[in-house]
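Trainee: Here you go, this is protein.cif (mmCIF, N, CA, C and O atoms).
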```
data_query
#
loop_
_atom_site.label_atom_id
_atom_site.label_comp_id
_atom_site.auth_asym_id
_atom_site.auth_seq_id
_atom_site.Cartn_x
_atom_site.Cartn_y
_atom_site.Cartn_z
N MET X 181 399.48 52.71 10.17
CA MET X 181 399.89 53.67 9.16
C MET X 181 398.64 54.15 8.41
O MET X 181 397.81 53.36 7.97
N ALA X 182 398.53 55.43 8.25
CA ALA X 182 397.36 56.02 7.60
C ALA X 182 397.44 55.83 6.09
O ALA X 182 398.53 55.82 5.52
N PRO X 183 396.29 55.65 5.42
CA PRO X 183 396.31 55.52 3.96
C PRO X 183 396.75 56.84 3.33
O PRO X 183 396.62 57.90 3.93
N PRO X 184 397.28 56.77 2.10
CA PRO X 184 397.72 58.00 1.44
C PRO X 184 396.53 58.92 1.17
O PRO X 184 395.39 58.46 1.07
N PRO X 185 396.77 60.22 1.06
CA PRO X 185 395.68 61.15 0.74
C PRO X 185 395.00 60.77 -0.57
O PRO X 185 395.60 60.14 -1.44
N ALA X 186 393.78 61.17 -0.72
CA ALA X 186 392.99 60.80 -1.90
C ALA X 186 393.60 61.31 -3.19
O ALA X 186 393.37 60.74 -4.25
N THR X 187 394.39 62.38 -3.14
CA THR X 187 394.97 62.92 -4.37
C THR X 187 396.14 62.09 -4.88
O THR X 187 396.53 62.21 -6.03
N LEU X 188 396.73 61.25 -4.02
CA LEU X 188 397.83 60.40 -4.44
C LEU X 188 397.29 59.06 -4.90
O LEU X 188 396.37 58.52 -4.31
N ARG X 189 397.88 58.51 -5.94
CA ARG X 189 397.44 57.22 -6.45
C ARG X 189 398.58 56.24 -6.35
O ARG X 189 399.70 56.55 -6.72
N ALA X 190 398.28 55.06 -5.90
CA ALA X 190 399.29 54.02 -5.83
C ALA X 190 399.68 53.59 -7.23
O ALA X 190 398.85 53.61 -8.14
N PRO X 191 400.94 53.21 -7.48
CA PRO X 191 401.36 52.78 -8.82
C PRO X 191 400.49 51.69 -9.41
O PRO X 191 400.22 51.69 -10.59
N ALA X 192 400.01 50.78 -8.60
CA ALA X 192 399.15 49.71 -9.13
C ALA X 192 397.86 50.28 -9.72
O ALA X 192 397.37 49.81 -10.73
N ASP X 193 397.32 51.32 -9.08
CA ASP X 193 396.10 51.95 -9.60
C ASP X 193 396.36 52.61 -10.94
O ASP X 193 395.56 52.54 -11.86
N VAL X 194 397.50 53.26 -11.06
CA VAL X 194 397.83 53.95 -12.31
C VAL X 194 398.05 52.94 -13.42
O VAL X 194 397.57 53.10 -14.53
N ALA X 195 398.79 51.87 -13.12
CA ALA X 195 399.07 50.86 -14.15
C ALA X 195 397.77 50.20 -14.61
O ALA X 195 397.63 49.84 -15.77
N ALA X 196 396.82 50.06 -13.71
CA ALA X 196 395.56 49.43 -14.06
C ALA X 196 394.73 50.32 -14.98
O ALA X 196 393.93 49.85 -15.75
N ASP X 197 394.93 51.62 -14.90
CA ASP X 197 394.17 52.56 -15.73
C ASP X 197 395.13 53.42 -16.52
O ASP X 197 395.39 54.56 -16.19
N GLU X 198 395.70 52.84 -17.58
CA GLU X 198 396.70 53.53 -18.39
C GLU X 198 396.15 54.75 -19.10
O GLU X 198 396.89 55.61 -19.54
N SER X 199 394.83 54.87 -19.20
CA SER X 199 394.24 56.01 -19.89
C SER X 199 394.52 57.31 -19.15
O SER X 199 394.44 58.38 -19.73
N ASP X 200 394.85 57.24 -17.86
CA ASP X 200 395.19 58.44 -17.10
C ASP X 200 396.64 58.86 -17.30
O ASP X 200 397.01 59.97 -16.93
N ALA X 201 397.46 58.00 -17.85
CA ALA X 201 398.88 58.30 -18.02
C ALA X 201 399.08 59.29 -19.17
O ALA X 201 398.34 59.29 -20.15
N TYR X 202 400.09 60.15 -19.02
CA TYR X 202 400.46 61.05 -20.11
C TYR X 202 401.03 60.21 -21.25
O TYR X 202 401.89 59.37 -21.05
N ARG X 203 400.56 60.45 -22.47
CA ARG X 203 401.04 59.73 -23.65
C ARG X 203 402.17 60.54 -24.29
O ARG X 203 401.94 61.65 -24.75
N VAL X 204 403.37 59.96 -24.30
CA VAL X 204 404.58 60.68 -24.67
C VAL X 204 405.23 60.06 -25.90
O VAL X 204 405.21 58.84 -26.08
N MET X 205 405.82 60.92 -26.74
CA MET X 205 406.65 60.47 -27.85
C MET X 205 408.06 61.01 -27.61
O MET X 205 408.23 62.18 -27.27
N VAL X 206 409.06 60.15 -27.78
CA VAL X 206 410.46 60.53 -27.62
C VAL X 206 411.08 60.61 -29.02
O VAL X 206 410.99 59.66 -29.79
N VAL X 207 411.71 61.76 -29.32
CA VAL X 207 412.31 61.97 -30.64
C VAL X 207 413.78 62.31 -30.46
O VAL X 207 414.13 63.34 -29.88
N ASP X 208 414.64 61.43 -30.94
CA ASP X 208 416.09 61.64 -30.89
C ASP X 208 416.73 60.75 -31.94
O ASP X 208 416.27 59.62 -32.15
N ASP X 209 417.78 61.24 -32.60
CA ASP X 209 418.42 60.44 -33.65
C ASP X 209 419.26 59.30 -33.08
O ASP X 209 419.57 58.35 -33.79
N SER X 210 419.58 59.33 -31.81
CA SER X 210 420.35 58.26 -31.18
C SER X 210 419.42 57.23 -30.54
O SER X 210 418.64 57.56 -29.64
N ALA X 211 419.52 55.99 -31.01
CA ALA X 211 418.68 54.92 -30.44
C ALA X 211 419.00 54.71 -28.96
O ALA X 211 418.10 54.41 -28.16
N VAL X 212 420.25 54.89 -28.59
CA VAL X 212 420.65 54.73 -27.18
C VAL X 212 419.97 55.79 -26.32
O VAL X 212 419.39 55.47 -25.26
N ILE X 213 420.00 57.02 -26.75
CA ILE X 213 419.37 58.10 -25.99
C ILE X 213 417.86 57.92 -25.94
O ILE X 213 417.24 58.10 -24.89
N ARG X 214 417.25 57.54 -27.07
CA ARG X 214 415.80 57.27 -27.05
C ARG X 214 415.47 56.20 -26.02
O ARG X 214 414.49 56.33 -25.27
N GLY X 215 416.28 55.15 -25.97
CA GLY X 215 416.04 54.08 -25.01
C GLY X 215 416.20 54.54 -23.57
O GLY X 215 415.39 54.20 -22.71
N LEU X 216 417.25 55.32 -23.31
CA LEU X 216 417.46 55.84 -21.95
C LEU X 216 416.33 56.74 -21.50
O LEU X 216 415.83 56.63 -20.38
N ILE X 217 415.92 57.65 -22.38
CA ILE X 217 414.83 58.56 -22.04
C ILE X 217 413.53 57.78 -21.83
O ILE X 217 412.79 58.02 -20.88
N THR X 218 413.27 56.82 -22.71
CA THR X 218 412.06 56.01 -22.60
C THR X 218 412.03 55.26 -21.28
O THR X 218 411.03 55.29 -20.55
N ARG X 219 413.12 54.58 -20.93
CA ARG X 219 413.17 53.83 -19.66
C ARG X 219 413.01 54.75 -18.46
O ARG X 219 412.32 54.42 -17.50
N THR X 220 413.63 55.92 -18.52
CA THR X 220 413.51 56.87 -17.41
C THR X 220 412.08 57.35 -17.26
O THR X 220 411.53 57.35 -16.16
N LEU X 221 411.46 57.73 -18.37
CA LEU X 221 410.08 58.22 -18.31
C LEU X 221 409.11 57.14 -17.84
O LEU X 221 408.22 57.40 -17.04
N GLU X 222 409.30 55.93 -18.34
CA GLU X 222 408.37 54.86 -17.98
C GLU X 222 408.57 54.37 -16.55
O GLU X 222 407.78 53.58 -16.05
N GLY X 223 409.59 54.88 -15.87
CA GLY X 223 409.74 54.62 -14.45
C GLY X 223 408.66 55.32 -13.64
O GLY X 223 408.41 54.99 -12.48
N ASP X 224 408.02 56.31 -14.24
CA ASP X 224 406.91 57.02 -13.60
C ASP X 224 405.61 56.38 -14.07
O ASP X 224 405.34 56.36 -15.27
N PRO X 225 404.80 55.87 -13.16
CA PRO X 225 403.57 55.20 -13.58
C PRO X 225 402.55 56.12 -14.24
O PRO X 225 401.60 55.64 -14.85
N GLN X 226 402.75 57.42 -14.17
CA GLN X 226 401.82 58.35 -14.80
C GLN X 226 402.26 58.75 -16.21
O GLN X 226 401.69 59.63 -16.81
N ILE X 227 403.29 58.08 -16.73
CA ILE X 227 403.80 58.36 -18.07
C ILE X 227 403.84 57.07 -18.87
O ILE X 227 404.32 56.05 -18.39
N CYS X 228 403.35 57.13 -20.10
CA CYS X 228 403.39 55.98 -21.00
C CYS X 228 403.99 56.46 -22.33
O CYS X 228 403.41 57.32 -23.00
N VAL X 229 405.16 55.94 -22.68
CA VAL X 229 405.78 56.29 -23.96
C VAL X 229 405.09 55.46 -25.04
O VAL X 229 405.20 54.24 -25.05
N VAL X 230 404.36 56.12 -25.92
CA VAL X 230 403.56 55.42 -26.92
C VAL X 230 404.20 55.44 -28.30
O VAL X 230 403.73 54.75 -29.20
N ALA X 231 405.27 56.24 -28.47
CA ALA X 231 405.92 56.32 -29.77
C ALA X 231 407.33 56.86 -29.61
O ALA X 231 407.65 57.53 -28.63
N SER X 232 408.17 56.55 -30.61
CA SER X 232 409.50 57.15 -30.67
C SER X 232 409.82 57.37 -32.14
O SER X 232 409.28 56.70 -33.02
N ALA X 233 410.70 58.33 -32.39
CA ALA X 233 411.08 58.64 -33.76
C ALA X 233 412.54 59.07 -33.79
O ALA X 233 413.06 59.61 -32.82
N ALA X 234 413.19 58.83 -34.95
CA ALA X 234 414.61 59.12 -35.09
C ALA X 234 414.90 60.49 -35.68
O ALA X 234 416.05 60.91 -35.72
N ASN X 235 413.87 61.19 -36.17
CA ASN X 235 414.08 62.54 -36.69
C ASN X 235 412.76 63.28 -36.72
O ASN X 235 411.69 62.70 -36.47
N GLY X 236 412.82 64.56 -37.02
CA GLY X 236 411.64 65.41 -36.99
C GLY X 236 410.56 64.99 -37.98
O GLY X 236 409.37 65.08 -37.68
N GLN X 237 410.95 64.53 -39.16
CA GLN X 237 409.95 64.13 -40.15
C GLN X 237 409.16 62.92 -39.67
O GLN X 237 407.94 62.87 -39.78
N PHE X 238 409.87 61.93 -39.10
CA PHE X 238 409.17 60.77 -38.53
C PHE X 238 408.25 61.20 -37.40
O PHE X 238 407.16 60.66 -37.24
N ALA X 239 408.68 62.19 -36.62
CA ALA X 239 407.86 62.67 -35.50
C ALA X 239 406.56 63.28 -36.00
O ALA X 239 405.49 63.03 -35.44
N ILE X 240 406.64 64.07 -37.06
CA ILE X 240 405.43 64.68 -37.64
C ILE X 240 404.49 63.58 -38.14
O ILE X 240 403.29 63.63 -37.88
N ASP X 241 405.03 62.60 -38.84
CA ASP X 241 404.21 61.49 -39.33
C ASP X 241 403.56 60.75 -38.17
O ASP X 241 402.37 60.40 -38.22
N MET X 242 404.32 60.51 -37.11
CA MET X 242 403.82 59.74 -35.97
C MET X 242 402.73 60.50 -35.20
O MET X 242 401.73 59.93 -34.80
N VAL X 243 402.91 61.80 -35.03
CA VAL X 243 401.94 62.58 -34.25
C VAL X 243 400.60 62.66 -34.98
O VAL X 243 399.56 62.83 -34.35
N GLN X 244 400.61 62.48 -36.28
CA GLN X 244 399.36 62.47 -37.04
C GLN X 244 398.62 61.14 -36.90
O GLN X 244 397.42 61.08 -37.11
N ARG X 245 399.35 60.08 -36.53
CA ARG X 245 398.75 58.75 -36.45
C ARG X 245 398.44 58.30 -35.03
O ARG X 245 397.64 57.40 -34.85
N ARG X 246 399.09 58.87 -34.05
CA ARG X 246 398.95 58.43 -32.66
C ARG X 246 398.37 59.54 -31.80
O ARG X 246 398.50 60.71 -32.12
N ASP X 247 397.76 59.17 -30.70
CA ASP X 247 397.24 60.13 -29.74
C ASP X 247 398.36 60.45 -28.76
O ASP X 247 398.60 59.70 -27.82
N ILE X 248 399.07 61.55 -29.00
CA ILE X 248 400.25 61.93 -28.22
C ILE X 248 399.98 63.27 -27.55
O ILE X 248 399.52 64.21 -28.19
N GLU X 249 400.30 63.34 -26.25
CA GLU X 249 400.10 64.57 -25.49
C GLU X 249 401.38 65.36 -25.27
O GLU X 249 401.35 66.58 -25.17
N VAL X 250 402.51 64.66 -25.17
CA VAL X 250 403.79 65.29 -24.85
C VAL X 250 404.85 64.77 -25.82
O VAL X 250 404.89 63.58 -26.10
N VAL X 251 405.70 65.68 -26.30
CA VAL X 251 406.80 65.29 -27.18
C VAL X 251 408.12 65.73 -26.53
O VAL X 251 408.29 66.90 -26.21
N VAL X 252 409.02 64.77 -26.32
CA VAL X 252 410.38 65.07 -25.87
C VAL X 252 411.21 65.10 -27.16
O VAL X 252 411.37 64.08 -27.82
N LEU X 253 411.70 66.28 -27.51
CA LEU X 253 412.23 66.51 -28.85
C LEU X 253 413.69 66.98 -28.81
O LEU X 253 414.01 68.00 -28.20
N ASP X 254 414.57 66.21 -29.46
CA ASP X 254 415.97 66.60 -29.62
C ASP X 254 416.03 67.77 -30.60
O ASP X 254 415.16 67.93 -31.46
N ILE X 255 417.04 68.60 -30.47
CA ILE X 255 417.17 69.75 -31.37
C ILE X 255 417.95 69.40 -32.63
O ILE X 255 417.50 69.68 -33.74
N GLU X 256 419.11 68.77 -32.49
CA GLU X 256 419.96 68.46 -33.65
C GLU X 256 419.73 67.02 -34.10
O GLU X 256 420.07 66.08 -33.38
N MET X 257 419.15 66.87 -35.29
CA MET X 257 418.88 65.56 -35.88
C MET X 257 419.01 65.65 -37.39
O MET X 257 418.81 66.72 -37.96
N PRO X 258 419.29 64.53 -38.05
CA PRO X 258 419.32 64.53 -39.52
C PRO X 258 417.90 64.59 -40.08
O PRO X 258 416.93 64.42 -39.34
N VAL X 259 417.78 64.81 -41.34
CA VAL X 259 416.53 64.90 -42.11
C VAL X 259 415.76 66.15 -41.73
O VAL X 259 415.55 67.02 -42.56
N MET X 260 415.32 66.26 -40.48
CA MET X 260 414.64 67.47 -40.00
C MET X 260 414.97 67.64 -38.53
O MET X 260 414.69 66.76 -37.73
N ASP X 261 415.53 68.79 -38.18
CA ASP X 261 415.91 69.04 -36.79
C ASP X 261 414.67 69.38 -35.96
O ASP X 261 413.59 69.64 -36.49
N GLY X 262 414.84 69.37 -34.65
CA GLY X 262 413.73 69.60 -33.74
C GLY X 262 413.12 70.99 -33.85
O GLY X 262 411.90 71.15 -33.74
N LEU X 263 413.95 72.00 -34.08
CA LEU X 263 413.42 73.37 -34.18
C LEU X 263 412.56 73.55 -35.43
O LEU X 263 411.61 74.33 -35.43
N THR X 264 412.88 72.85 -36.50
CA THR X 264 412.06 72.90 -37.72
C THR X 264 410.79 72.07 -37.53
O THR X 264 409.71 72.46 -37.98
N ALA X 265 410.93 70.94 -36.84
CA ALA X 265 409.80 70.03 -36.66
C ALA X 265 408.75 70.57 -35.69
O ALA X 265 407.56 70.32 -35.85
N LEU X 266 409.18 71.30 -34.66
CA LEU X 266 408.26 71.73 -33.61
C LEU X 266 407.03 72.47 -34.12
O LEU X 266 405.90 72.08 -33.79
N PRO X 267 407.16 73.52 -34.92
CA PRO X 267 405.94 74.20 -35.39
C PRO X 267 405.07 73.30 -36.28
O PRO X 267 403.84 73.42 -36.28
N LYS X 268 405.68 72.37 -37.00
CA LYS X 268 404.93 71.45 -37.83
C LYS X 268 404.16 70.43 -36.98
O LYS X 268 403.05 70.03 -37.32
N ILE X 269 404.77 70.02 -35.87
CA ILE X 269 404.08 69.11 -34.96
C ILE X 269 402.89 69.83 -34.33
O ILE X 269 401.79 69.26 -34.24
N ILE X 270 403.09 71.07 -33.92
CA ILE X 270 401.99 71.85 -33.33
C ILE X 270 400.88 72.07 -34.35
O ILE X 270 399.70 71.98 -34.03
N GLU X 271 401.26 72.32 -35.59
CA GLU X 271 400.27 72.50 -36.66
C GLU X 271 399.48 71.21 -36.90
O GLU X 271 398.27 71.22 -37.10
N ALA X 272 400.19 70.07 -36.87
CA ALA X 272 399.54 68.79 -37.12
C ALA X 272 398.63 68.40 -35.97
O ALA X 272 397.62 67.71 -36.17
N ARG X 273 398.98 68.79 -34.74
CA ARG X 273 398.21 68.40 -33.55
C ARG X 273 398.12 69.59 -32.60
O ARG X 273 398.76 69.62 -31.55
N PRO X 274 397.33 70.62 -32.95
CA PRO X 274 397.29 71.85 -32.13
C PRO X 274 396.80 71.63 -30.69
O PRO X 274 397.16 72.40 -29.80
N ALA X 275 396.00 70.62 -30.46
CA ALA X 275 395.48 70.40 -29.09
C ALA X 275 396.56 69.81 -28.23
O ALA X 275 396.55 69.84 -27.06
#
```
Here is the file; what I need is its structure written in the form of structure tokens.
Mentor:
Amino acid sequence: MAPPPATLRAPADVAADESDAYRVMVVDDSAVIRGLITRTLEGDPQICVVASAANGQFAIDMVQRRDIEVVVLDIEMPVMDGLTALPKIIEARPA
């Protein structure tokens, strides 16, 4: 059997070098949904969920403290909904 092409990485290689994984934050007011999304995302070795938040305000606070590349954001949440939080998250972390 031929080795995989150089562009593909074995899961063990990815797990060994977590710095290559996308750093994700999951934002949803339901703890059950946050857990399901987190487990699903972390099934991919190129994704590392580094934070979660229960509402938009917590998400803004978290994105200022953590190095996050991707945000999975619910729309309807208490305190601050996702549509209100999104521009504030982008403002807090434009890169």
Trainee: Which distance in Å separates atom C of Cys228 (chain X) and CA of Ser210 (chain X), to one decimal?
Mentor: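 Separating atom C of Cys228 (chain X) from CA of Ser210 (chain X) is a distance of 18.7 Å.
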Trainee: Taking all atoms of region 206-222 of chain X that the file lists and extending 3 Å past them on each side, where is the centre of the axis-aligned box and how long are its edges? Answer in Å to one decimal, as JSON.
Mentor:
```
{"center_x": 414.2, "center_y": 58.5, "center_z": -24.9, "size_x": 18.9, "size_y": 15.8, "size_z": 23.7}
```
Trainee: Please report the interatomic distance between CA of Gln244 (chain X) and CA of Ala272 (chain X) in Å with one decimal.
Mentor: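 Separation between CA of Gln244 (chain X) and CA of Ala272 (chain X): 6.3 Å.
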Trainee: One number please: CA of Val259 (chain X) to CA of Asn235 (chain X), in Å, one decimal.
Mentor: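 CA of Asn235 (chain X) lies at a distance of 6.4 Å from CA of Val259 (chain X).
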Trainee: Out of X:Val206, X:Val229, X:Gly236, X:Pro274, which residue has the shortest atom-to-atom distance to Gly262 (chain X) when counting all atoms listed in the file?
Mentor: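 Of X:Val206, X:Val229, X:Gly236, X:Pro274, the one nearest Gly262 (chain X) is X:Gly236, counting all atoms listed in the file.
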Trainee: Nearest residue to Val243 (chain X) out of X:Asp261, X:Arg214, X:Arg273, X:Pro267, using all atoms listed in the file?
Mentor: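 Of X:Asp261, X:Arg214, X:Arg273, X:Pro267, the one nearest Val243 (chain X) is X:Arg273, counting all atoms listed in the file.
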Trainee: Hey, what's within 8 Å of Phe238 (chain X) if we count all atoms listed in the file and toss same-chain stuff fewer than 4 positions away? As a ChimeraX atom specification, please?
Mentor: /X:207,232-234,242-245,258-260
Trainee: Excluding same-chain residues fewer than 5 positions from Ile248 (chain X), what lies within 8 Å of it counting only C-alpha atoms, as a list in words?
Mentor: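 Here the answer would be Arg203, Val204, Met205, Val230 and Val243 of chain X.
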Trainee: Could you save those same residues with N, CA, C and O atoms as a PDB file, in the frame of the given file?
Mentor:
```pdb
ATOM      1  N   ARG X 203     400.560  60.450 -22.470  1.00  0.00           N
ATOM      2  CA  ARG X 203     401.040  59.730 -23.650  1.00  0.00           C
ATOM      3  C   ARG X 203     402.170  60.540 -24.290  1.00  0.00           C
ATOM      4  O   ARG X 203     401.940  61.650 -24.750  1.00  0.00           O
ATOM      5  N   VAL X 204     403.370  59.960 -24.300  1.00  0.00           N
ATOM      6  CA  VAL X 204     404.580  60.680 -24.670  1.00  0.00           C
ATOM      7  C   VAL X 204     405.230  60.060 -25.900  1.00  0.00           C
ATOM      8  O   VAL X 204     405.210  58.840 -26.080  1.00  0.00           O
ATOM      9  N   MET X 205     405.820  60.920 -26.740  1.00  0.00           N
ATOM     10  CA  MET X 205     406.650  60.470 -27.850  1.00  0.00           C
ATOM     11  C   MET X 205     408.060  61.010 -27.610  1.00  0.00           C
ATOM     12  O   MET X 205     408.230  62.180 -27.270  1.00  0.00           O
ATOM     13  N   VAL X 230     404.360  56.120 -25.920  1.00  0.00           N
ATOM     14  CA  VAL X 230     403.560  55.420 -26.920  1.00  0.00           C
ATOM     15  C   VAL X 230     404.200  55.440 -28.300  1.00  0.00           C
ATOM     16  O   VAL X 230     403.730  54.750 -29.200  1.00  0.00           O
ATOM     17  N   VAL X 243     402.910  61.800 -35.030  1.00  0.00           N
ATOM     18  CA  VAL X 243     401.940  62.580 -34.250  1.00  0.00           C
ATOM     19  C   VAL X 243     400.600  62.660 -34.980  1.00  0.00           C
ATOM     20  O   VAL X 243     399.560  62.830 -34.350  1.00  0.00           O
TER      21      VAL X 243
END
```
Trainee: Return the single residue from X:Asp209, X:Ala231, X:Asp224, X:Asp241 that is closest to Lys268 (chain X), with distances computed using all atoms listed in the file.
Mentor: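 The closest residue to Lys268 (chain X) is X:Asp241.
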Trainee: I need the residues of chain X that end up classed as strand (DSSP E) by DSSP on the backbone, written out as number ranges by chain.
Mentor: X: 202-207, 227-233, 250-253
Trainee: Just list as an MDAnalysis selection string whatever in chain X DSSP marks as helix (DSSP H, G or I).
Mentor: chainID X and resid 191:196 198:200 211:221 236:245 262:272
